[in-house]
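Have a look at the structure below, then the notes.
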Amino acid sequence: MIETNRPAAAPADDEPDLLRDQFRQLLRYRRLIGAGIGIGLLGGVYLGVSTADTYVATADVVLRAPTDDPFNPSLAPDKAINIGSERQVALSSSIANEAAKKLGVSASGFASLRSGLQVTNPPQTMVLRFTYTASSPKEAAKRANAMTEAYLLKRQEALDVTRDKMVTGYQEQRDPVAKQLDELVKSINSMPAGTARDAAYSSRTDLQSKVNTLNSNIAKLQALDMTPGRVTSAATPPTGADGPGIVMSLALGAAVGLALGLLAAWVRLVFDPAPRSEGDVARALRAPVLGYLPRDRTGGGPLLAAGETDPRLAEEYRSVAFRLAYDSRFADRRRLLVVAPRGSSETAAAVAVNLGASFAETGKDVLLIEADLRTPVLASQLPTDAGSRPRWSQSAGSPAAGKRPAQHGDTEWPDGRQLVVDAGESGAFDLIPGQRVRNVARSLTSARATRLISEADSPNATVVVLAPPVLSYADALALVDRVDGVLVVCDPRAVHRSDLARIRELISGAGGTVLGAVLHAPLPGEKRGRGTDRGAALAAPHAPSAPQPRPITREDDEPEQHIPGDGTDTVALRTVRPGRR
């Protein structure tokens, strides 16, 4: 026999396959990707429309520092000029005010005049680049030149004011010294020769030196070249709009939107609790994925796929049956428990029925047991005929053996009723239909149910048991100790990875083994995340409304008293998430 309980590991160097798998997983969120592209296209349209009538004119100005020798190579303009400060000055309101006076802009248009200006400095240069944006080419060029001229004029005024202040300061220092020198010269002329006259001559020399120094400084300042800079490139009206155009804007928006959509899809994929691939399902259950039912045939049709026009579904069931037949854990005991995680059991019922037909096609004596005693519907949905009573019904303890038959309302299961299902060309197999009972747990764990499941011990016999969702009721766990091979049927988009891990833990704790999983697409009208409650989708379209069970009366007409904890009530399982157990 071939062991199929371990999923095959992907080769370590199979990176292209891994990338393709991740890309396919991202494509699951087509709405997010489409929303991203839509947002990008809207942004592209806005960019194209908003920049369609936008024109940009540029003027360049080279700054100069005041100097008395412009050809002196030892002078470093970048040491005398702080280009960052000059850029802030060019963007200041004083420059905008000067340009507004020249352009005749009113106070109400001053804010828009200033907002259209942008000043930059190319790296490693003493150039200021004035860029002005306006709604017309001529207006953009006119305002750019006005801003440039206003900046040079203001810088010229600032340099002149600085020089004048320094000259005035030197003159204020020189005038008292020159006056003192004139008075000293007059006094020397009237002094007789001697020591006092010699001292006066020495003072006159000192005062004359100070006056000469101050005069030299004043002369140097007055000789400075105070040119603030020059315009190297005047602004001219642009020939076209500054925007990229509607076509380029749409292309750019689509590219950005696609990147945004893929990013959103990736974030959604990372935080999606649902299995992202068949490998995630296999890792959570620690069992292989035995099959994936075709998308268009997973619900809404008849349970038996044999004889349908499209053979894909029947072939998929045969493939799952053959994979199970070659699994040594199933082949040794030939007992299979088919369950869904939660919600609807419609697809699980279809899998159980069609696996029974596939096993019967291979010559096996198949017994299908409907252990869903809460919503039993198989007998009403399958083509059945009454069959002979099985061997287990003739044993002691049955009504035929002398035991008092059950009173009205005290229905027992299994009650010996057996049907033959006609599977067409696949053959026939036996069905033990389910029925509503007063105590589900007691019926599933009874000796009669155990003898029924032990039919798999007969030569060439196979038993398939359909149970309610394992995370909704404990019915499946009550059968695991006798039907230890479990097949999980689920929609990977409607179940969480933690749910699958919880199923594996419950089944392993009860002594069973998960043989594999069968995946299917969402059923028609079923919401993603959680299926319909308690298999309503399975029972509603086909099964007639079942009467509600009536209260059970004792033979002496005494009212029955319910004793809590006597085993007559069942409790639905509660899903315990990791970390809270």
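We name chains A, B, ... following the order of the structure tokens; residues begin at 1 in each chain, and ligands are numbered from 1 as shown.
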Go through segment 73-126 of chain A and collect every residue that DSSP, computed from the backbone, puts in alpha helix (DSSP H); the answer should be as a VMD selection string. chain A and resid 77 to 80 83 to 90 93 to 103 110 to 115
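For segment 88-92 of chain A, the set of protein, DNA and RNA residues having any atom at most 8 Å away, when counting only C-alpha atoms and skipping those fewer than 4 positions along the same chain, is Gly84, Ala96, Arg114, Leu117, Gln118, Val119 and Tyr151 of chain A.
Taking atom CA of Asp415 of chain A and atom CA of Leu452 of chain A as the two end points, the separation is 10.6 Å.
Residue nearest Gly343 of chain A, chosen from A:Ile95, A:Ala141, A:Ala178, A:Leu523 and counting only C-alpha atoms: A:Leu523.
The residue set within 12 Å of Lys101 of chain A, counting only C-alpha atoms and dropping same-chain residues fewer than 3 places from it, reads A:Ser94, A:Ile95, A:Ala96, A:Asn97, A:Glu98, A:Gly104, A:Val105, A:Ser106, A:Ala107, A:Gly109, A:Phe110, A:Leu113, A:Arg143, A:Ala146, A:Met147, A:Glu149, A:Ala150.
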Taking the chain letters and numbering used in this document, name the residues of segment 227-260 of chain A that DSSP puts in strand (DSSP E), as a ChimeraX atom specification. /A:229-233
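Counting only C-alpha atoms and comparing A:Ser277, A:Thr162, A:Thr375, A:Ser472, the residue that lies closest to Arg20 of chain A is A:Ser277.
For the pair atom CA of Phe271 of chain A and atom CA of Glu346 of chain A, the separation is 29.0 Å.
The residue that comes closest to Ala219 of chain A, out of A:Asp481, A:Glu183, A:Glu278, A:Asp164 and on the basis of only C-alpha atoms, is A:Asp164.
The shortest atom-to-atom distance to Val421 of chain A, with only C-alpha atoms taken into account, belongs to A:Leu303 out of A:Ala80, A:Leu506, A:Leu303, A:Leu444.
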Of A:Ala501, A:Val231, A:Ala193, A:Leu32, the one sitting nearest Leu63 of chain A when using only C-alpha atoms is A:Val231
